[in-house]
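As stored in protein.txt (compact mmCIF, C-alpha atoms):
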```txt
# COMPACT_ATOMS: atom_id res chain seq x y z
CA MET A 83 -18.70 6.60 1.27
CA ASN A 84 -18.01 4.45 -1.78
CA GLU A 85 -15.91 1.36 -1.18
CA ILE A 86 -12.61 1.10 -3.02
CA ARG A 87 -12.01 -2.36 -4.45
CA PHE A 88 -8.97 -3.55 -6.36
CA LYS A 89 -9.84 -6.25 -8.92
CA ASP A 90 -7.39 -5.64 -11.77
CA GLY A 91 -3.96 -7.03 -10.88
CA ALA A 92 -2.22 -5.68 -13.97
CA GLY A 93 -3.85 -2.28 -13.62
CA TYR A 94 -2.88 -2.13 -9.96
CA GLU A 95 0.71 -3.01 -10.87
CA ARG A 96 0.99 0.06 -13.08
CA TYR A 97 -1.04 2.38 -10.87
CA MET A 98 0.23 1.49 -7.40
CA GLY A 99 2.49 -1.57 -7.52
CA LYS A 100 5.46 0.49 -8.72
CA TRP A 101 4.92 3.03 -5.96
CA SER A 102 4.63 0.24 -3.39
CA GLN A 103 7.97 -1.19 -4.45
CA LEU A 104 9.70 2.20 -4.33
CA ALA A 105 8.56 2.69 -0.74
CA GLY A 106 9.06 -1.00 0.00
CA ASP A 107 12.77 -0.84 -0.79
CA VAL A 108 13.30 1.84 1.86
CA PHE A 109 10.99 0.02 4.27
CA LEU A 110 12.90 -3.27 4.00
CA ASP A 111 16.25 -1.54 4.45
CA TRP A 112 14.85 -0.07 7.66
CA LEU A 113 13.29 -3.36 8.78
CA ALA A 114 16.58 -5.25 8.24
CA PRO A 115 14.99 -8.73 8.36
CA LEU A 116 16.97 -11.93 8.88
CA PRO A 117 16.91 -14.80 6.36
CA ALA A 118 14.81 -17.95 6.83
CA TRP A 119 11.83 -16.20 8.40
CA ASP A 120 8.24 -17.31 7.91
CA TRP A 121 6.47 -14.27 6.45
CA LEU A 122 2.85 -13.13 6.17
CA ASP A 123 1.91 -10.29 3.82
CA VAL A 124 -1.46 -8.95 5.00
CA GLY A 125 -3.46 -7.35 2.20
CA CYS A 126 -0.93 -8.68 -0.30
CA GLY A 127 -3.02 -7.57 -3.27
CA ASN A 128 -1.37 -8.46 -6.57
CA GLY A 129 1.85 -9.49 -4.83
CA ALA A 130 3.93 -6.39 -5.61
CA PHE A 131 5.48 -6.29 -2.15
CA THR A 132 5.31 -10.06 -1.61
CA ASP A 133 7.52 -10.40 -4.67
CA MET A 134 10.08 -8.09 -3.05
CA LEU A 135 10.02 -10.12 0.16
CA MET A 136 10.65 -13.33 -1.74
CA LEU A 137 13.53 -11.87 -3.77
CA ARG A 138 15.22 -9.88 -1.02
CA CYS A 139 14.63 -11.74 2.24
CA ALA A 140 15.40 -15.43 1.58
CA PRO A 141 12.27 -16.55 3.47
CA ALA A 142 11.69 -20.03 4.85
CA SER A 143 8.07 -19.61 3.79
CA MET A 144 5.96 -16.87 2.24
CA HIS A 145 2.23 -16.41 2.79
CA GLY A 146 -0.17 -13.77 1.54
CA VAL A 147 -3.78 -12.97 2.39
CA ASP A 148 -6.19 -10.65 0.57
CA PRO A 149 -9.96 -10.34 0.04
CA SER A 150 -9.71 -10.12 -3.78
CA ASP A 151 -9.74 -13.29 -5.87
CA GLU A 152 -8.52 -11.34 -8.90
CA GLN A 153 -5.56 -9.84 -7.07
CA LEU A 154 -4.61 -13.21 -5.58
CA ALA A 155 -4.70 -14.80 -9.03
CA TYR A 156 -2.28 -12.18 -10.33
CA ALA A 157 0.01 -12.64 -7.32
CA SER A 158 0.03 -16.41 -7.73
CA ALA A 159 1.12 -16.03 -11.37
CA ARG A 160 4.27 -14.07 -10.54
CA PRO A 161 7.30 -16.25 -11.33
CA ALA A 162 9.03 -15.44 -8.02
CA LEU A 163 5.93 -16.39 -6.02
CA ARG A 164 5.32 -19.93 -7.27
CA ALA A 165 6.30 -21.30 -3.87
CA ALA A 166 4.23 -18.75 -1.94
CA ARG A 167 0.93 -19.74 -0.39
CA PHE A 168 -2.01 -17.38 -0.77
CA ARG A 169 -5.37 -17.37 0.95
CA LYS A 170 -8.48 -15.27 0.66
CA GLY A 171 -9.21 -13.56 3.95
CA ASP A 172 -9.92 -10.49 6.04
CA ALA A 173 -7.19 -8.48 7.79
CA MET A 174 -9.43 -8.25 10.87
CA ALA A 175 -9.86 -12.04 11.09
CA LEU A 176 -6.72 -13.62 9.70
CA PRO A 177 -7.20 -17.30 8.73
CA TYR A 178 -4.05 -18.48 10.50
CA ALA A 179 -3.15 -20.03 13.84
CA ALA A 180 -1.54 -18.02 16.62
CA ALA A 181 2.26 -17.67 16.57
CA ALA A 182 2.54 -19.04 13.02
CA PHE A 183 4.99 -16.49 11.57
CA ASP A 184 8.22 -14.65 12.32
CA ALA A 185 6.96 -11.46 10.65
CA ALA A 186 3.68 -9.98 9.51
CA VAL A 187 3.68 -6.91 7.28
CA MET A 188 0.90 -4.72 5.97
CA PRO A 189 2.02 -2.67 2.93
CA LEU A 190 -0.27 0.23 1.92
CA VAL A 191 -3.25 -1.41 3.58
CA LEU A 192 -3.71 0.01 7.09
CA PHE A 193 -6.04 2.83 5.98
CA PHE A 194 -8.25 0.31 4.14
CA VAL A 195 -8.95 -1.67 7.31
CA PRO A 196 -12.30 -0.55 8.82
CA ASP A 197 -11.00 -1.27 12.36
CA PRO A 198 -7.20 -0.75 12.21
CA ALA A 199 -6.74 -1.71 15.89
CA LYS A 200 -8.29 -5.10 15.20
CA GLY A 201 -6.07 -5.55 12.16
CA VAL A 202 -2.91 -4.79 14.15
CA ALA A 203 -4.05 -7.08 16.97
CA GLU A 204 -4.56 -9.87 14.44
CA MET A 205 -1.06 -9.43 13.05
CA ALA A 206 0.35 -9.55 16.59
CA ARG A 207 -1.67 -12.71 17.29
CA VAL A 208 -0.25 -14.67 14.36
CA VAL A 209 3.39 -13.65 14.97
CA ARG A 210 5.64 -15.62 17.32
CA PRO A 211 7.12 -14.07 20.49
CA GLY A 212 10.05 -11.90 19.48
CA GLY A 213 8.74 -11.61 15.92
CA VAL A 214 8.12 -8.44 13.93
CA VAL A 215 4.86 -6.67 13.09
CA ALA A 216 5.30 -3.80 10.63
CA ALA A 217 3.51 -1.65 8.08
CA TYR A 218 3.87 1.33 5.81
CA ALA A 219 1.07 3.49 4.42
CA TRP A 220 0.75 6.69 2.43
CA ASP A 221 0.36 9.71 4.70
CA MET A 222 -3.22 10.37 3.60
CA PRO A 223 -4.07 13.27 5.98
CA GLY A 224 -0.69 14.89 5.24
CA GLY A 225 -1.06 14.82 1.45
CA GLY A 226 1.47 12.04 0.91
CA PHE A 227 -0.68 10.00 -1.48
CA PRO A 228 1.10 9.65 -4.87
CA TYR A 229 -1.84 11.08 -6.83
CA GLU A 230 -2.71 13.82 -4.33
CA ALA A 231 -2.18 16.59 -6.92
CA LEU A 232 -4.86 15.04 -9.11
CA LEU A 233 -7.21 14.45 -6.18
CA ALA A 234 -6.82 18.08 -5.10
CA GLU A 235 -7.90 19.27 -8.54
CA ILE A 236 -10.94 17.00 -8.52
CA ARG A 237 -11.94 18.11 -5.02
CA GLY A 238 -11.44 21.73 -6.08
CA MET A 239 -14.27 21.24 -8.56
CA GLY A 240 -16.57 20.12 -5.78
CA ILE A 241 -16.42 16.45 -6.76
CA THR A 242 -16.05 13.79 -4.07
CA VAL A 243 -13.51 11.04 -4.67
CA PRO A 244 -13.97 7.67 -2.91
CA SER A 245 -11.66 7.41 0.07
CA PRO A 246 -10.52 4.54 2.32
CA PRO A 247 -12.41 4.01 5.60
CA SER A 248 -9.52 4.81 7.96
CA PRO A 249 -7.20 7.47 6.47
CA TRP A 250 -6.35 8.71 9.98
CA ALA A 251 -4.53 5.44 10.68
CA SER A 252 -1.70 6.45 8.33
CA ARG A 253 -0.51 9.29 10.61
CA LEU A 254 2.74 8.55 12.45
CA GLU A 255 1.13 9.28 15.81
CA ALA A 256 -1.78 6.97 15.04
CA MET A 257 0.55 4.17 13.99
CA GLN A 258 2.54 4.52 17.19
CA GLU A 259 -0.67 4.35 19.25
CA LEU A 260 -2.03 1.35 17.33
CA TRP A 261 1.17 -0.66 17.76
CA VAL A 262 1.54 0.17 21.44
CA GLY A 263 -2.17 -0.51 21.95
CA ALA A 264 -1.72 -3.99 20.48
CA GLY A 265 0.87 -4.75 23.17
CA LEU A 266 3.83 -4.60 20.81
CA GLY A 267 7.21 -3.52 22.14
CA ALA A 268 10.25 -1.70 20.73
CA VAL A 269 7.91 0.36 18.56
CA GLU A 270 9.58 2.69 16.06
CA THR A 271 8.25 4.90 13.27
CA ARG A 272 9.78 6.69 10.32
CA VAL A 273 8.90 8.71 7.22
CA ILE A 274 9.62 7.38 3.73
CA GLU A 275 9.93 9.81 0.80
CA VAL A 276 9.95 8.47 -2.77
CA GLN A 277 9.76 9.82 -6.31
CA ARG A 278 8.50 8.24 -9.52
CA ALA A 279 9.16 9.46 -13.05
CA PHE A 280 6.53 8.98 -15.77
CA GLY A 281 7.56 8.91 -19.43
CA ASP A 282 5.37 11.90 -20.21
CA PHE A 283 2.08 13.45 -19.13
CA GLU A 284 -0.02 10.92 -21.04
CA ASP A 285 1.81 8.09 -19.27
CA TYR A 286 0.87 9.65 -15.93
CA TRP A 287 -2.70 10.34 -17.01
CA SER A 288 -3.41 6.86 -18.38
CA THR A 289 -1.89 5.35 -15.23
CA ALA A 290 -4.21 7.41 -13.04
CA LEU A 291 -7.19 6.31 -15.13
CA GLY A 292 -6.48 2.73 -14.08
CA ALA A 293 -7.17 3.50 -10.42
CA PRO A 294 -10.43 2.17 -8.96
CA SER A 295 -11.08 5.45 -7.13
CA VAL A 296 -9.50 8.20 -9.23
CA GLY A 297 -10.10 6.49 -12.56
CA SER A 298 -13.78 5.82 -12.00
CA THR A 299 -14.29 9.41 -10.88
CA LEU A 300 -12.52 10.82 -13.94
CA SER A 301 -14.45 8.51 -16.28
CA ALA A 302 -17.74 9.82 -14.93
CA MET A 303 -16.83 13.50 -15.44
CA ALA A 304 -18.05 15.77 -18.23
CA ALA A 305 -15.58 16.18 -21.10
CA ASP A 306 -15.06 19.91 -20.41
CA ASP A 307 -14.29 19.30 -16.74
CA LEU A 308 -11.89 16.51 -17.64
CA ALA A 309 -10.06 18.74 -20.13
CA ARG A 310 -9.80 21.49 -17.50
CA ILE A 311 -8.20 19.15 -14.97
CA LYS A 312 -5.71 17.84 -17.53
CA MET A 313 -4.69 21.37 -18.47
CA ARG A 314 -4.27 22.36 -14.82
CA LEU A 315 -2.08 19.36 -14.07
CA ARG A 316 0.10 19.98 -17.12
CA THR A 317 0.67 23.51 -15.86
CA LEU A 318 1.30 22.53 -12.25
CA GLN A 319 3.77 19.74 -13.06
CA PRO A 320 5.77 20.67 -16.17
CA ALA A 321 7.85 18.06 -17.95
CA ASP A 322 11.66 18.03 -17.99
CA ALA A 323 13.81 18.29 -21.14
CA GLN A 324 13.13 14.62 -21.94
CA GLY A 325 9.38 15.04 -21.49
CA ARG A 326 9.29 13.12 -18.21
CA ILE A 327 7.12 14.12 -15.27
CA THR A 328 8.22 13.34 -11.72
CA TYR A 329 5.86 13.07 -8.76
CA SER A 330 6.71 12.61 -5.10
CA ALA A 331 4.94 10.63 -2.39
CA ARG A 332 5.36 10.23 1.34
CA ALA A 333 4.63 7.15 3.42
CA ASN A 334 4.75 6.58 7.15
CA ALA A 335 6.15 3.32 8.53
CA VAL A 336 5.98 1.51 11.85
CA LYS A 337 7.51 -1.62 13.33
CA GLY A 338 7.36 -3.40 16.69
CA ARG A 339 8.00 -6.78 18.27
CA VAL A 340 5.71 -9.31 19.91
CA SER A 341 6.53 -9.67 23.61
CA GLU A 342 8.51 -12.78 24.56
```
Will you turn the file into structure tokens for me?
Amino acid sequence: MNEIRFKDGAGYERYMGKWSQLAGDVFLDWLAPLPAWDWLDVGCGNGAFTDMLMLRCAPASMHGVDPSDEQLAYASARPALRAARFRKGDAMALPYAAAAFDAAVMPLVLFFVPDPAKGVAEMARVVRPGGVVAAYAWDMPGGGFPYEALLAEIRGMGITVPSPPSPWASRLEAMQELWVGAGLGAVETRVIEVQRAFGDFEDYWSTALGAPSVGSTLSAMAADDLARIKMRLRTLQPADAQGRITYSARANAVKGRVSE
């Protein structure tokens, strides 16, 4: 299985950052956080969701951790995140002391963690008693990934697309089990449905080409195969009167509290 790595902060912003924020709005409404919390964004990437936390949640402090130097550099350059503190690190071995935060969140990352149970346990470790541990992730097994229509066409041609190591962890039932297994209480789950409109088909297509998994696969394809996929997608998802194309995505979310 090829490893998916995100190194282009600007490319990620267009490809997935917008989707993350669409789902993140619903997620934060559901989370209903209090002001003046100390936050940790695990797998913060280019800071798309961290930015939302800073703007919406009036944090006392904001921290982000990610394995990519390039993504962290992009996050650090966001105007709203000048006061945030970022560190390079692994979700399964967070570089923070126990009980350091009021909330730890993991946006669109759980399926990338090779051992999700260890990742959840680490979030629980660094959150104070009574604090919140939460995540949302595209429903990968259920076809909720934003670019699933494109992936389905590629797979239909017998071509393998790189996938994350733990797609099963994005199922609602799996999330429930992981949170309970980490000793978290008051565990709740929910489904998040979002839609994103692209200016036209070429806007959608060029956005998909910026993905480290989908884009690299498309770039390696023969010209005839690539043209066939484009034609199929145009047919399957026709544009509206203004030329826009709208795609839907579905994420699963979970939250729980550290025992007091």
query = How would you write as a VMD selection string the residues that get within 6 Å of (4.9, 5.7, 0.7) in the file's frame, counting all atoms listed in the file?
reply = chain A and resid 105 219 to 220 274 331 to 333
ask   = Suppose you want the space between atom CA of Val195 of chain A and atom CA of Phe168 of chain A; what is it in Å?
value =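 Spanning atom CA of Val195 of chain A to atom CA of Phe168 of chain A is a straight-line distance of 19.0 Å.
For segment 170-180 of chain A, the list of residues within 9 Å, based on only C-alpha atoms and with local chain neighbours fewer than 2 positions off taken out, reads Val124, Gly125, Gly146, Val147, Asp148, Pro149, Ser150, Asp151, Leu154, Phe168, Ala182, Phe183, Val195, Pro196, Asp197, Pro198, Ala199, Lys200, Gly201, Val202, Ala203, Glu204, Met205, Ala206, Arg207, Val208, Val209 and Arg210 of chain A.
If you look at atom CA of Asp221 of chain A and atom CA of Asn334 of chain A, they are 5.9 Å away from each other.
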ask   = Excluding same-chain residues fewer than 6 positions from Phe280 of chain A, what lies within 12 Å of it counting all atoms listed in the file, as a list in words?
value =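 Listed by chain and then number, they are Arg96, Tyr97, Lys100, Trp101, Tyr286, Trp287, Ser288, Thr289, Ala290, Gln319, Pro320, Ala321, Asp322, Gln324, Gly325, Arg326, Ile327, Thr328, Tyr329 and Ser330 of chain A.
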task = Kindly indicate which residue among A:Leu233, A:Ala155, A:Met188, A:Val276 lies nearest to Asp107 of chain A, using only C-alpha atoms for the distances.
result = A:Val276
task = Measure the distance from atom CA of Tyr229 of chain A to atom CA of Asp111 of chain A in Å and round it to one decimal.
result =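 Going from atom CA of Tyr229 of chain A over to atom CA of Asp111 of chain A covers 24.8 Å.
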inquiry  = I need the residue nearest Ala114 of chain A from this list: A:Ala185, A:Met222, A:Ala309, A:Arg167. Use all atoms listed in the file for the distance.
reply    = A:Ala185
inquiry  = Counting all atoms listed in the file, find residues at most 9 Å from (7.8, -16.8, 4.8) (file frame) and give them as a list in words.
reply    =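 Returned residue set, sorted by chain then number, is Ala118, Trp119, Asp120, Trp121, Leu122, Asp123, Leu135, Met136, Cys139, Ala140, Pro141, Ala142, Ser143, Met144, His145, Ala166, Phe183, Asp184 and Ala185 of chain A.
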ask   = For Ile311 of chain A, which residue out of A:Ala130, A:Ala293, A:Ile241, A:Ala268 is the nearest one, using all atoms listed in the file?
value = A:Ile241
